[in-house]
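So this block is start23.pdb, PDB, C-alpha atoms and all ligand atoms:
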ATOM      1  CA  MET A   1       0.000   0.000   0.000
ATOM      2  CA  ALA A   2       2.856   2.289   0.838
ATOM      3  CA  ASN A   3       4.106   2.205  -2.724
ATOM      4  CA  HIS A   4       0.795   3.032  -4.228
ATOM      5  CA  ILE A   5       0.248   6.428  -5.777
ATOM      6  CA  THR A   6      -1.378   8.927  -3.497
ATOM      7  CA  GLN A   7       1.065  11.764  -3.831
ATOM      8  CA  SER A   8      -0.720  14.478  -5.689
ATOM      9  CA  SER A   9       2.463  16.520  -5.397
ATOM     10  CA  GLN A  10       4.037  14.304  -8.023
ATOM     11  CA  SER A  11       1.272  14.706 -10.506
ATOM     12  CA  ARG A  12       2.789  17.667 -12.303
ATOM     13  CA  ILE A  13       6.087  15.874 -12.717
ATOM     14  CA  ARG A  14       4.364  12.805 -14.053
ATOM     15  CA  GLN A  15       2.149  14.855 -16.283
ATOM     16  CA  ALA A  16       5.192  16.440 -17.832
ATOM     17  CA  LEU A  17       6.889  13.096 -18.159
ATOM     18  CA  VAL A  18       3.949  11.458 -19.811
ATOM     19  CA  THR A  19       3.564  14.303 -22.212
ATOM     20  CA  GLY A  20       7.211  14.247 -23.108
ATOM     21  CA  SER A  21       7.472  10.513 -23.369
ATOM     22  CA  LEU A  22       4.349   9.979 -25.350
ATOM     23  CA  LEU A  23       5.199  12.698 -27.789
ATOM     24  CA  CYS A  24       8.813  11.785 -28.221
ATOM     25  CA  SER A  25       8.841   8.077 -27.385
ATOM     26  CA  MET A  26      12.521   7.851 -28.074
ATOM     27  CA  ALA A  27      14.140   7.420 -24.688
ATOM     28  CA  LEU A  28      15.700   4.110 -23.827
ATOM     29  CA  PHE A  29      15.669   2.705 -20.341
ATOM     30  CA  ALA A  30      17.807   0.215 -18.530
ATOM     31  CA  MET A  31      16.188  -3.169 -18.473
ATOM     32  CA  ASN A  32      15.730  -4.624 -15.027
ATOM     33  CA  THR A  33      16.930  -8.150 -14.616
ATOM     34  CA  ALA A  34      15.081 -10.474 -12.331
ATOM     35  CA  VAL A  35      16.688 -11.816  -9.197
ATOM     36  CA  ALA A  36      17.634 -15.473  -9.283
ATOM     37  CA  GLU A  37      15.772 -17.894  -7.078
ATOM     38  CA  PRO A  38      16.240 -21.581  -6.256
ATOM     39  CA  ALA A  39      14.560 -24.126  -8.504
ATOM     40  CA  SER A  40      10.810 -24.361  -8.094
ATOM     41  CA  GLN A  41       9.144 -27.331  -6.568
ATOM     42  CA  ILE A  42       6.886 -28.611  -9.274
ATOM     43  CA  GLU A  43       3.800 -30.495  -8.234
ATOM     44  CA  ALA A  44       1.587 -32.433 -10.564
ATOM     45  CA  ALA A  45      -2.083 -31.612 -10.182
ATOM     46  CA  ALA A  46      -4.651 -34.342 -10.059
ATOM     47  CA  GLN A  47      -6.613 -34.885 -13.218
ATOM     48  CA  ALA A  48     -10.172 -33.746 -12.829
ATOM     49  CA  PRO A  49     -12.852 -34.157 -15.467
ATOM     50  CA  GLY A  50     -15.446 -31.572 -16.180
ATOM     51  CA  LEU A  51     -13.663 -28.259 -16.030
ATOM     52  CA  SER A  52     -13.828 -25.981 -19.029
ATOM     53  CA  PHE A  53     -13.198 -22.305 -19.598
ATOM     54  CA  SER A  54     -13.796 -19.528 -22.055
ATOM     55  CA  TYR A  55     -12.147 -16.166 -22.688
ATOM     56  CA  ILE A  56     -14.547 -13.220 -22.750
ATOM     57  CA  ASN A  57     -13.155 -10.202 -24.559
ATOM     58  CA  THR A  58     -14.430  -6.805 -23.405
ATOM     59  CA  GLY A  59     -12.214  -4.396 -25.304
ATOM     60  CA  HIS A  60      -8.660  -3.441 -26.089
ATOM     61  CA  SER A  61      -6.198  -0.634 -25.588
ATOM     62  CA  ALA A  62      -5.917   2.095 -28.178
ATOM     63  CA  GLY A  63      -2.485   0.771 -29.075
ATOM     64  CA  THR A  64       1.087   1.546 -28.180
ATOM     65  CA  GLN A  65       4.630   0.630 -29.065
ATOM     66  CA  GLU A  66       5.709  -2.663 -27.537
ATOM     67  CA  ARG A  67       8.621  -0.908 -25.819
ATOM     68  CA  MET A  68       6.053   0.988 -23.750
ATOM     69  CA  VAL A  69       4.545  -2.181 -22.269
ATOM     70  CA  VAL A  70       7.611  -4.377 -21.767
ATOM     71  CA  ALA A  71      11.187  -3.255 -21.212
ATOM     72  CA  SER A  72      12.572  -5.698 -23.783
ATOM     73  CA  GLY A  73       9.967  -4.717 -26.360
ATOM     74  CA  SER A  74      10.520  -3.128 -29.750
ATOM     75  CA  TRP A  75       9.846   0.514 -30.587
ATOM     76  CA  PHE A  76       8.781  -0.701 -34.010
ATOM     77  CA  THR A  77       6.142  -3.215 -32.968
ATOM     78  CA  ARG A  78       2.614  -2.024 -32.341
ATOM     79  CA  ARG A  79       0.610  -3.731 -29.596
ATOM     80  CA  HIS A  80      -3.085  -3.559 -28.790
ATOM     81  CA  LEU A  81      -3.411  -5.025 -25.333
ATOM     82  CA  THR A  82      -6.688  -6.712 -24.585
ATOM     83  CA  HIS A  83      -9.118  -6.439 -21.659
ATOM     84  CA  GLY A  84     -11.177  -9.452 -20.711
ATOM     85  CA  ALA A  85     -12.238 -12.151 -18.287
ATOM     86  CA  ILE A  86     -12.091 -15.922 -17.958
ATOM     87  CA  LEU A  87     -15.318 -17.820 -17.331
ATOM     88  CA  VAL A  88     -14.649 -21.176 -15.664
ATOM     89  CA  GLN A  89     -17.304 -23.884 -15.585
ATOM     90  CA  HIS A  90     -16.986 -26.813 -13.203
ATOM     91  CA  PRO A  91     -19.528 -29.362 -11.955
ATOM     92  CA  ASP A  92     -19.231 -27.823  -8.491
ATOM     93  CA  GLY A  93     -19.627 -24.200  -9.570
ATOM     94  CA  ASN A  94     -18.852 -21.500 -12.108
ATOM     95  CA  PHE A  95     -16.727 -18.439 -11.573
ATOM     96  CA  LEU A  96     -15.201 -15.467 -13.335
ATOM     97  CA  TYR A  97     -11.514 -14.720 -13.095
ATOM     98  CA  ASP A  98     -11.399 -10.922 -13.633
ATOM     99  CA  THR A  99     -14.283  -8.949 -15.089
ATOM    100  CA  GLY A 100     -12.747  -6.856 -17.861
ATOM    101  CA  LEU A 101     -14.372  -3.576 -18.854
ATOM    102  CA  GLY A 102     -17.883  -3.371 -17.429
ATOM    103  CA  GLN A 103     -21.074  -1.564 -18.296
ATOM    104  CA  GLN A 104     -20.058   1.554 -16.388
ATOM    105  CA  VAL A 105     -16.469   1.838 -17.534
ATOM    106  CA  LYS A 106     -17.068   5.146 -19.292
ATOM    107  CA  SER A 107     -18.291   6.918 -16.163
ATOM    108  CA  GLN A 108     -15.774   5.103 -13.966
ATOM    109  CA  PHE A 109     -12.968   6.278 -16.214
ATOM    110  CA  LYS A 110     -13.866   9.922 -15.564
ATOM    111  CA  GLU A 111     -12.075   9.686 -12.216
ATOM    112  CA  ASN A 112      -8.838   9.810 -14.174
ATOM    113  CA  SER A 113      -6.738  12.867 -14.914
ATOM    114  CA  TRP A 114      -6.307  13.795 -18.556
ATOM    115  CA  TRP A 115      -2.876  12.206 -18.775
ATOM    116  CA  ALA A 116      -4.106   8.913 -17.339
ATOM    117  CA  THR A 117      -6.986   9.002 -19.779
ATOM    118  CA  LEU A 118      -4.433   9.336 -22.552
ATOM    119  CA  LEU A 119      -2.128   6.659 -21.163
ATOM    120  CA  PHE A 120      -4.895   4.103 -20.649
ATOM    121  CA  ALA A 121      -6.991   4.945 -23.687
ATOM    122  CA  HIS A 122      -9.069   1.992 -24.757
ATOM    123  CA  SER A 123     -11.943   0.864 -26.893
ATOM    124  CA  ALA A 124     -14.641  -0.892 -24.889
ATOM    125  CA  GLY A 125     -16.543  -3.820 -26.333
ATOM    126  CA  THR A 126     -19.516  -5.737 -24.951
ATOM    127  CA  PRO A 127     -19.312  -6.136 -21.144
ATOM    128  CA  VAL A 128     -19.191  -9.624 -19.643
ATOM    129  CA  VAL A 129     -22.628  -9.346 -18.014
ATOM    130  CA  GLU A 130     -24.214  -8.592 -21.397
ATOM    131  CA  GLN A 131     -22.360 -11.367 -23.217
ATOM    132  CA  LEU A 132     -23.478 -13.847 -20.576
ATOM    133  CA  ALA A 133     -27.100 -12.713 -20.855
ATOM    134  CA  GLU A 134     -27.012 -12.879 -24.646
ATOM    135  CA  ASN A 135     -25.972 -16.517 -24.388
ATOM    136  CA  GLY A 136     -28.487 -17.542 -21.761
ATOM    137  CA  PHE A 137     -26.081 -17.702 -18.865
ATOM    138  CA  ASP A 138     -27.731 -16.564 -15.641
ATOM    139  CA  SER A 139     -25.357 -14.457 -13.554
ATOM    140  CA  LYS A 140     -26.920 -16.032 -10.485
ATOM    141  CA  ASP A 141     -25.158 -19.224 -11.542
ATOM    142  CA  LEU A 142     -21.833 -17.629 -10.690
ATOM    143  CA  MET A 143     -20.542 -18.886  -7.369
ATOM    144  CA  ALA A 144     -17.823 -16.245  -7.361
ATOM    145  CA  ILE A 145     -15.920 -13.520  -9.100
ATOM    146  CA  ILE A 146     -12.193 -13.840  -8.480
ATOM    147  CA  PRO A 147     -10.302 -10.736  -9.615
ATOM    148  CA  SER A 148      -6.613 -11.328 -10.249
ATOM    149  CA  HIS A 149      -6.293  -7.933  -8.570
ATOM    150  CA  LEU A 150      -8.406  -4.793  -8.248
ATOM    151  CA  HIS A 151      -6.831  -2.426 -10.755
ATOM    152  CA  TRP A 152      -9.478  -0.592 -12.789
ATOM    153  CA  ASP A 153      -9.231  -2.731 -15.896
ATOM    154  CA  HIS A 154      -9.861  -5.936 -13.935
ATOM    155  CA  ALA A 155     -12.465  -4.659 -11.471
ATOM    156  CA  SER A 156     -14.612  -2.566 -13.806
ATOM    157  CA  GLY A 157     -17.303  -5.215 -14.228
ATOM    158  CA  ILE A 158     -17.675  -6.205 -10.560
ATOM    159  CA  VAL A 159     -20.536  -3.749 -10.015
ATOM    160  CA  ASP A 160     -22.421  -5.432 -12.868
ATOM    161  CA  PHE A 161     -22.876  -8.497 -10.660
ATOM    162  CA  PRO A 162     -24.536  -7.263  -7.445
ATOM    163  CA  GLY A 163     -24.523  -9.828  -4.679
ATOM    164  CA  VAL A 164     -22.185 -12.297  -6.386
ATOM    165  CA  PRO A 165     -19.395 -13.131  -3.905
ATOM    166  CA  VAL A 166     -16.124 -11.469  -4.857
ATOM    167  CA  TRP A 167     -13.218 -13.516  -3.551
ATOM    168  CA  ILE A 168     -10.321 -11.285  -2.610
ATOM    169  CA  GLN A 169      -7.368 -11.355  -0.267
ATOM    170  CA  GLN A 170      -7.629  -8.869   2.585
ATOM    171  CA  SER A 171      -4.330  -7.251   1.594
ATOM    172  CA  GLU A 172      -5.627  -6.576  -1.922
ATOM    173  CA  LEU A 173      -8.936  -5.166  -0.732
ATOM    174  CA  GLU A 174      -7.271  -2.843   1.763
ATOM    175  CA  MET A 175      -4.818  -1.608  -0.851
ATOM    176  CA  ALA A 176      -7.595  -0.986  -3.356
ATOM    177  CA  LEU A 177      -9.943   0.824  -0.963
ATOM    178  CA  ALA A 178      -7.090   3.104   0.102
ATOM    179  CA  GLY A 179      -5.949   3.623  -3.478
ATOM    180  CA  ASP A 180      -6.817   6.152  -6.118
ATOM    181  CA  ALA A 181      -6.803   6.775  -9.857
ATOM    182  CA  PRO A 182      -5.522   5.696 -12.225
ATOM    183  CA  SER A 183      -4.759   2.325 -10.609
ATOM    184  CA  PHE A 184      -7.847   1.997  -8.452
ATOM    185  CA  LEU A 185     -11.171   3.682  -9.230
ATOM    186  CA  GLN A 186     -13.337   3.936  -6.145
ATOM    187  CA  SER A 187     -16.562   3.999  -8.151
ATOM    188  CA  GLN A 188     -15.762   0.391  -9.035
ATOM    189  CA  LEU A 189     -15.219  -0.593  -5.416
ATOM    190  CA  ASN A 190     -17.483   1.357  -3.068
ATOM    191  CA  ASP A 191     -20.832   0.064  -4.288
ATOM    192  CA  GLN A 192     -22.803  -1.307  -1.344
ATOM    193  CA  GLN A 193     -24.059  -4.218  -3.413
ATOM    194  CA  ILE A 194     -20.599  -5.656  -3.908
ATOM    195  CA  ASN A 195     -20.381  -8.850  -1.883
ATOM    196  CA  TRP A 196     -16.737  -8.960  -0.808
ATOM    197  CA  LYS A 197     -15.566 -12.315   0.562
ATOM    198  CA  THR A 198     -12.026 -12.307   1.836
ATOM    199  CA  ILE A 199     -10.032 -15.448   1.172
ATOM    200  CA  SER A 200      -6.736 -16.726   2.498
ATOM    201  CA  LEU A 201      -4.291 -18.685   0.416
ATOM    202  CA  GLN A 202      -2.912 -21.700   2.257
ATOM    203  CA  GLU A 203       0.727 -22.342   3.039
ATOM    204  CA  LYS A 204       0.681 -25.101   0.460
ATOM    205  CA  PRO A 205       3.326 -25.029  -2.294
ATOM    206  CA  PHE A 206       1.994 -25.449  -5.786
ATOM    207  CA  LEU A 207       3.926 -25.155  -9.053
ATOM    208  CA  GLY A 208       6.732 -23.471  -7.157
ATOM    209  CA  PHE A 209       4.473 -20.861  -5.569
ATOM    210  CA  SER A 210       4.620 -20.979  -1.796
ATOM    211  CA  ARG A 211       0.923 -20.308  -1.190
ATOM    212  CA  SER A 212      -2.116 -21.622  -3.033
ATOM    213  CA  LEU A 213      -5.830 -22.344  -2.807
ATOM    214  CA  ASP A 214      -7.358 -25.378  -4.512
ATOM    215  CA  ILE A 215     -10.812 -24.022  -5.339
ATOM    216  CA  PHE A 216     -12.668 -27.304  -5.853
ATOM    217  CA  GLY A 217     -10.304 -29.601  -3.973
ATOM    218  CA  ASP A 218      -9.568 -31.659  -7.088
ATOM    219  CA  GLY A 219      -6.549 -29.818  -8.472
ATOM    220  CA  SER A 220      -8.388 -28.532 -11.536
ATOM    221  CA  ALA A 221      -8.490 -24.859 -10.517
ATOM    222  CA  VAL A 222      -5.897 -23.503  -8.145
ATOM    223  CA  LEU A 223      -5.185 -19.935  -7.099
ATOM    224  CA  VAL A 224      -1.515 -19.077  -6.569
ATOM    225  CA  ASP A 225       0.145 -16.177  -4.834
ATOM    226  CA  LEU A 226       1.409 -13.561  -7.300
ATOM    227  CA  ILE A 227       2.037 -10.724  -4.861
ATOM    228  CA  GLY A 228       4.196  -8.018  -6.352
ATOM    229  CA  HIS A 229       2.204  -6.141  -8.939
ATOM    230  CA  THR A 230      -0.311  -5.516  -6.161
ATOM    231  CA  ALA A 231      -0.483  -6.529  -2.502
ATOM    232  CA  GLY A 232      -2.693  -9.537  -3.125
ATOM    233  CA  GLN A 233      -2.614 -10.481  -6.789
ATOM    234  CA  VAL A 234      -3.555 -14.103  -7.463
ATOM    235  CA  GLY A 235      -2.839 -16.239 -10.510
ATOM    236  CA  LEU A 236      -5.142 -19.006 -11.705
ATOM    237  CA  TYR A 237      -3.966 -22.468 -12.731
ATOM    238  CA  LEU A 238      -6.429 -24.593 -14.711
ATOM    239  CA  LYS A 239      -6.124 -28.227 -15.695
ATOM    240  CA  LEU A 240      -8.560 -29.610 -18.243
ATOM    241  CA  SER A 241      -9.730 -33.210 -18.439
ATOM    242  CA  ASP A 242      -7.536 -33.749 -21.521
ATOM    243  CA  ASN A 243      -4.523 -32.625 -19.458
ATOM    244  CA  ARG A 244      -4.092 -29.236 -21.071
ATOM    245  CA  GLU A 245      -2.780 -26.829 -18.460
ATOM    246  CA  TYR A 246      -2.995 -23.052 -18.216
ATOM    247  CA  LEU A 247      -1.621 -20.472 -15.851
ATOM    248  CA  PHE A 248      -3.299 -17.078 -15.958
ATOM    249  CA  ILE A 249      -0.885 -14.622 -14.397
ATOM    250  CA  GLY A 250      -2.876 -11.399 -14.192
ATOM    251  CA  ASP A 251      -0.577  -8.420 -14.694
ATOM    252  CA  THR A 252       2.660 -10.049 -13.554
ATOM    253  CA  THR A 253       3.677  -8.915 -17.017
ATOM    254  CA  TRP A 254       1.443  -7.348 -19.652
ATOM    255  CA  THR A 255       2.878  -9.528 -22.406
ATOM    256  CA  LEU A 256       4.209 -13.064 -22.725
ATOM    257  CA  LYS A 257       7.377 -11.481 -24.059
ATOM    258  CA  GLY A 258       7.937 -10.150 -20.553
ATOM    259  CA  ILE A 259       7.969 -13.711 -19.214
ATOM    260  CA  ILE A 260      10.084 -15.096 -22.046
ATOM    261  CA  ASP A 261      12.663 -12.313 -21.710
ATOM    262  CA  GLN A 262      12.262 -11.978 -17.922
ATOM    263  CA  SER A 263      11.570  -8.346 -18.549
ATOM    264  CA  PRO A 264       9.338  -6.097 -16.421
ATOM    265  CA  ARG A 265       7.328  -3.073 -17.417
ATOM    266  CA  PRO A 266       9.472  -0.146 -18.617
ATOM    267  CA  ASP A 267      10.870   2.140 -15.927
ATOM    268  CA  LEU A 268       9.100   5.117 -17.443
ATOM    269  CA  ILE A 269       5.687   3.538 -17.036
ATOM    270  CA  LYS A 270       6.500   2.342 -13.550
ATOM    271  CA  PHE A 271       7.546   5.819 -12.485
ATOM    272  CA  VAL A 272       4.716   7.688 -14.109
ATOM    273  CA  VAL A 273       1.918   5.627 -12.619
ATOM    274  CA  ASN A 274       3.780   3.625  -9.949
ATOM    275  CA  LEU A 275       1.863   0.509 -10.885
ATOM    276  CA  GLU A 276       4.000  -1.909  -8.919
ATOM    277  CA  HIS A 277       3.255  -2.549  -5.267
ATOM    278  CA  ASP A 278       6.666  -4.167  -4.783
ATOM    279  CA  ASP A 279       9.217  -4.072  -7.601
ATOM    280  CA  LYS A 280      11.486  -6.712  -6.132
ATOM    281  CA  ALA A 281       8.642  -9.135  -5.456
ATOM    282  CA  SER A 282       7.275  -8.462  -8.915
ATOM    283  CA  ASP A 283      10.634  -9.258 -10.518
ATOM    284  CA  LEU A 284      10.819 -12.477  -8.512
ATOM    285  CA  GLN A 285       7.393 -13.503  -9.761
ATOM    286  CA  ILE A 286       8.472 -12.881 -13.346
ATOM    287  CA  LYS A 287      11.523 -15.042 -12.748
ATOM    288  CA  LYS A 288       9.394 -17.754 -11.154
ATOM    289  CA  VAL A 289       6.882 -17.859 -14.004
ATOM    290  CA  HIS A 290       9.708 -17.878 -16.555
ATOM    291  CA  GLN A 291      11.310 -20.839 -14.803
ATOM    292  CA  LEU A 292       7.975 -22.610 -14.724
ATOM    293  CA  MET A 293       7.562 -22.048 -18.446
ATOM    294  CA  VAL A 294      10.974 -23.610 -19.076
ATOM    295  CA  GLU A 295      10.384 -26.570 -16.779
ATOM    296  CA  ARG A 296       6.841 -27.240 -17.907
ATOM    297  CA  PRO A 297       6.717 -26.488 -21.641
ATOM    298  CA  LYS A 298       3.152 -27.744 -22.062
ATOM    299  CA  LEU A 299       1.849 -25.255 -19.530
ATOM    300  CA  THR A 300       0.292 -22.325 -21.382
ATOM    301  CA  ILE A 301       1.123 -19.014 -19.682
ATOM    302  CA  VAL A 302      -1.443 -16.263 -20.233
ATOM    303  CA  PRO A 303      -0.823 -12.648 -19.176
ATOM    304  CA  ALA A 304      -4.218 -10.965 -18.809
ATOM    305  CA  HIS A 305      -3.583  -8.297 -21.442
ATOM    306  CA  ASP A 306      -1.528 -10.161 -24.040
ATOM    307  CA  GLU A 307      -3.694 -10.001 -27.148
ATOM    308  CA  LEU A 308      -1.516 -12.603 -28.875
ATOM    309  CA  SER A 309      -1.902 -15.109 -26.035
ATOM    310  CA  THR A 310      -5.620 -14.581 -25.509
ATOM    311  CA  ALA A 311      -6.222 -14.917 -29.260
ATOM    312  CA  LYS A 312      -5.313 -18.606 -28.867
ATOM    313  CA  LEU A 313      -7.952 -19.183 -26.180
ATOM    314  CA  PRO A 314     -11.528 -20.337 -26.867
ATOM    315  CA  LEU A 315     -13.490 -17.118 -27.308
ATOM    316  CA  TYR A 316     -16.847 -16.922 -25.553
ATOM    317  CA  PRO A 317     -19.332 -18.491 -26.136
ATOM    318  CA  MET A 318     -16.869 -21.171 -27.280
ATOM    319  CA  PHE A 319     -15.415 -23.212 -24.413
ATOM    320  CA  SER A 320     -12.253 -25.225 -24.071
ATOM    321  CA  ASN A 321     -14.201 -28.471 -24.259
ATOM    322  CA  THR A 322     -16.026 -27.439 -27.404
ATOM    323  CA  ALA A 323     -13.272 -25.647 -29.298
ATOM    324  CA  GLU A 324     -10.775 -27.194 -31.637
ATOM    325  CA  PRO A 325      -7.546 -28.234 -29.934
ATOM    326  CA  ILE A 326      -5.640 -25.142 -29.076
ATOM    327  CA  ALA A 327      -2.164 -24.766 -30.501
ATOM    328  CA  GLN A 328       0.472 -24.480 -27.837
ATOM    329  CA  ARG A 329       2.760 -21.531 -28.033
TER     330      ARG A 329
HETATM  331 ZN    ZN B   1      -4.375  -4.811 -15.995
END
What is this structure when it is put down as structure tokens?
Ligand SMILES: [Zn+2]
Amino acid sequence: MANHITQSSQSRIRQALVTGSLLCSMALFAMNTAVAEPASQIEAAAQAPGLSFSYINTGHSAGTQERMVVASGSWFTRRHLTHGAILVQHPDGNFLYDTGLGQQVKSQFKENSWWATLLFAHSAGTPVVEQLAENGFDSKDLMAIIPSHLHWDHASGIVDFPGVPVWIQQSELEMALAGDAPSFLQSQLNDQQINWKTISLQEKPFLGFSRSLDIFGDGSAVLVDLIGHTAGQVGLYLKLSDNREYLFIGDTTWTLKGIIDQSPRPDLIKFVVNLEHDDKASDLQIKKVHQLMVERPKLTIVPAHDELSTAKLPLYPMFSNTAEPIAQR
């Protein structure tokens, strides 16, 4: 929480920086290298039939140079990061991981200063709640919404599901409720109809992460501790009945390139909006996920905003058990 932006006194500096950087976009920044960590303890999850998932797209960023979203990125590659959610169906319950851009994103976004509006410019699509309704899915059939974290682009749609339990770690909720724009938008969080349910990850190692929570108790959907980007970010591991495995890593990095290259967000971005709760912890998580990718090549790593990674997922209303086999990266 201490690292989160609250210092209005810095706004003018950042404003100037954003203006300069966005207009010029020519500065180069030192690339942070992740800190080494001992080999991960890899656990095999039990096979569990019946789980399927779908990616629900709710919009995309206006577009930026790749070098602006990952330190190892190219100034000559254009990226259009995506905003979306994962709908998981399981015999014991259905849940959303993240909510993407919701019905009220336009009014929510007005909390931002002009420079943040410019930096996080986006094009909103159809919100999750509307896509579900269009396909006959009753929101009351959701047992939970599990945000990876509560930054605006993940929490926007929570208010569209009044009463649905929102599973969140206490540390994340406290950070968000004490936070401000552009990272956290209080209009997304202070609605009395939001049904917050705090959860605690268990001291149970899973895939090299020290803490985890097996949602259904069968190893098919497991939350893992990805603290760093925020105080209580959680990743989601899914194992399908045909043994395909996925790890959704929230905003540990914005692109898969960040995991492959072990490269964090650019220093400029981190300074301007101070997105990281804990830089060192965040770098360690990048290192950990990279190592996992190397050790477990069939595990598909999915950063929440990587439009290239999410394009390979079954797009709602298609589900993983109804789509054609998905090409591994
Ligand atoms: Zn995000």
Going by the chain IDs and residue numbers used in this file, which residues fall under the PyMOL selection byres (((not hetatm)) within 12 of (chain B and resi 1))? Write them as an mmCIF file with C-alpha atoms, in the frame of the given file.
data_model
loop_
_atom_site.group_PDB
_atom_site.id
_atom_site.type_symbol
_atom_site.label_atom_id
_atom_site.label_comp_id
_atom_site.auth_asym_id
_atom_site.auth_seq_id
_atom_site.Cartn_x
_atom_site.Cartn_y
_atom_site.Cartn_z
ATOM 1 C CA HIS A 60 -8.660 -3.441 -26.089
ATOM 2 C CA SER A 61 -6.198 -0.634 -25.588
ATOM 3 C CA VAL A 69 4.545 -2.181 -22.269
ATOM 4 C CA LEU A 81 -3.411 -5.025 -25.333
ATOM 5 C CA THR A 82 -6.688 -6.712 -24.585
ATOM 6 C CA HIS A 83 -9.118 -6.439 -21.659
ATOM 7 C CA GLY A 84 -11.177 -9.452 -20.711
ATOM 8 C CA ALA A 85 -12.238 -12.151 -18.287
ATOM 9 C CA ASP A 98 -11.399 -10.922 -13.633
ATOM 10 C CA THR A 99 -14.283 -8.949 -15.089
ATOM 11 C CA GLY A 100 -12.747 -6.856 -17.861
ATOM 12 C CA LEU A 101 -14.372 -3.576 -18.854
ATOM 13 C CA PHE A 120 -4.895 4.103 -20.649
ATOM 14 C CA PRO A 147 -10.302 -10.736 -9.615
ATOM 15 C CA SER A 148 -6.613 -11.328 -10.249
ATOM 16 C CA HIS A 149 -6.293 -7.933 -8.570
ATOM 17 C CA LEU A 150 -8.406 -4.793 -8.248
ATOM 18 C CA HIS A 151 -6.831 -2.426 -10.755
ATOM 19 C CA TRP A 152 -9.478 -0.592 -12.789
ATOM 20 C CA ASP A 153 -9.231 -2.731 -15.896
ATOM 21 C CA HIS A 154 -9.861 -5.936 -13.935
ATOM 22 C CA ALA A 155 -12.465 -4.659 -11.471
ATOM 23 C CA SER A 156 -14.612 -2.566 -13.806
ATOM 24 C CA PRO A 182 -5.522 5.696 -12.225
ATOM 25 C CA SER A 183 -4.759 2.325 -10.609
ATOM 26 C CA PHE A 184 -7.847 1.997 -8.452
ATOM 27 C CA HIS A 229 2.204 -6.141 -8.939
ATOM 28 C CA THR A 230 -0.311 -5.516 -6.161
ATOM 29 C CA GLN A 233 -2.614 -10.481 -6.789
ATOM 30 C CA ILE A 249 -0.885 -14.622 -14.397
ATOM 31 C CA GLY A 250 -2.876 -11.399 -14.192
ATOM 32 C CA ASP A 251 -0.577 -8.420 -14.694
ATOM 33 C CA THR A 252 2.660 -10.049 -13.554
ATOM 34 C CA THR A 253 3.677 -8.915 -17.017
ATOM 35 C CA TRP A 254 1.443 -7.348 -19.652
ATOM 36 C CA THR A 255 2.878 -9.528 -22.406
ATOM 37 C CA ARG A 265 7.328 -3.073 -17.417
ATOM 38 C CA LEU A 275 1.863 0.509 -10.885
ATOM 39 C CA GLU A 276 4.000 -1.909 -8.919
ATOM 40 C CA PRO A 303 -0.823 -12.648 -19.176
ATOM 41 C CA ALA A 304 -4.218 -10.965 -18.809
ATOM 42 C CA HIS A 305 -3.583 -8.297 -21.442
ATOM 43 C CA ASP A 306 -1.528 -10.161 -24.040
#
>> For the PyMOL selection byres (((chain A and resi 197) around 12) and not hetatm), applied here, can you spell out every residue it catches as a list in words?
In response: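 Taken on the displayed file, the PyMOL selection byres (((chain A and resi 197) around 12) and not hetatm) yields the residues Met143, Ala144, Ile145, Ile146, Pro147, Gly163, Val164, Pro165, Val166, Trp167, Ile168, Gln169, Gln170, Glu172, Leu173, Ile194, Asn195, Trp196, Thr198, Ile199 and Ser200 of chain A.
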> Separation of CA of Thr300 in chain A and CA of His277 in chain A, in Å?
Replying inline: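 If I compute the distance from CA of Thr300 in chain A to CA of His277 in chain A, I get 25.7 Å.
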> Smallest atom-to-atom distance to Lys312 in chain A: which of A:Tyr246, A:Glu66, A:Lys270, A:Gly208, using all atoms listed in the file?
Replying inline: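 Closest residue, counting all atoms listed in the file: A:Tyr246.
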> So which one's closest to Thr77 in chain A, A:Ala231, A:Phe216, A:Gln65, A:Asn321? Using only C-alpha atoms, please.
Replying inline: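 Smallest separation from Thr77 in chain A among the options: A:Gln65.
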> If you measure from CA of Gln202 in chain A to CA of Ala221 in chain A, what distance in Å do you get, rounded to one decimal?
Replying inline: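 CA of Gln202 in chain A sits 14.3 Å away from CA of Ala221 in chain A.
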> What is the distance, in Å and to one decimal place, between CA of Pro127 in chain A and CA of Val273 in chain A?
Replying inline: 25.7 Å
Using the atoms already present, construct N, CA and C atoms for range 293-299 of chain A and hand them back as a compact mmCIF listing (two decimals), keeping the file's coordinate frame.
# COMPACT_ATOMS: atom_id res chain seq x y z
N MET A 293 7.77 -21.89 -17.01
CA MET A 293 7.56 -22.05 -18.45
C MET A 293 8.64 -22.96 -19.05
N VAL A 294 9.87 -22.79 -18.57
CA VAL A 294 10.97 -23.61 -19.08
C VAL A 294 10.82 -25.06 -18.62
N GLU A 295 10.47 -25.22 -17.35
CA GLU A 295 10.38 -26.57 -16.78
C GLU A 295 9.15 -27.33 -17.23
N ARG A 296 8.13 -26.62 -17.60
CA ARG A 296 6.84 -27.24 -17.91
C ARG A 296 6.34 -26.69 -19.25
N PRO A 297 6.98 -27.12 -20.34
CA PRO A 297 6.72 -26.49 -21.64
C PRO A 297 5.28 -26.62 -22.13
N LYS A 298 4.54 -27.59 -21.61
CA LYS A 298 3.15 -27.74 -22.06
C LYS A 298 2.18 -26.86 -21.29
N LEU A 299 2.69 -26.19 -20.29
CA LEU A 299 1.85 -25.26 -19.53
C LEU A 299 1.73 -23.95 -20.32
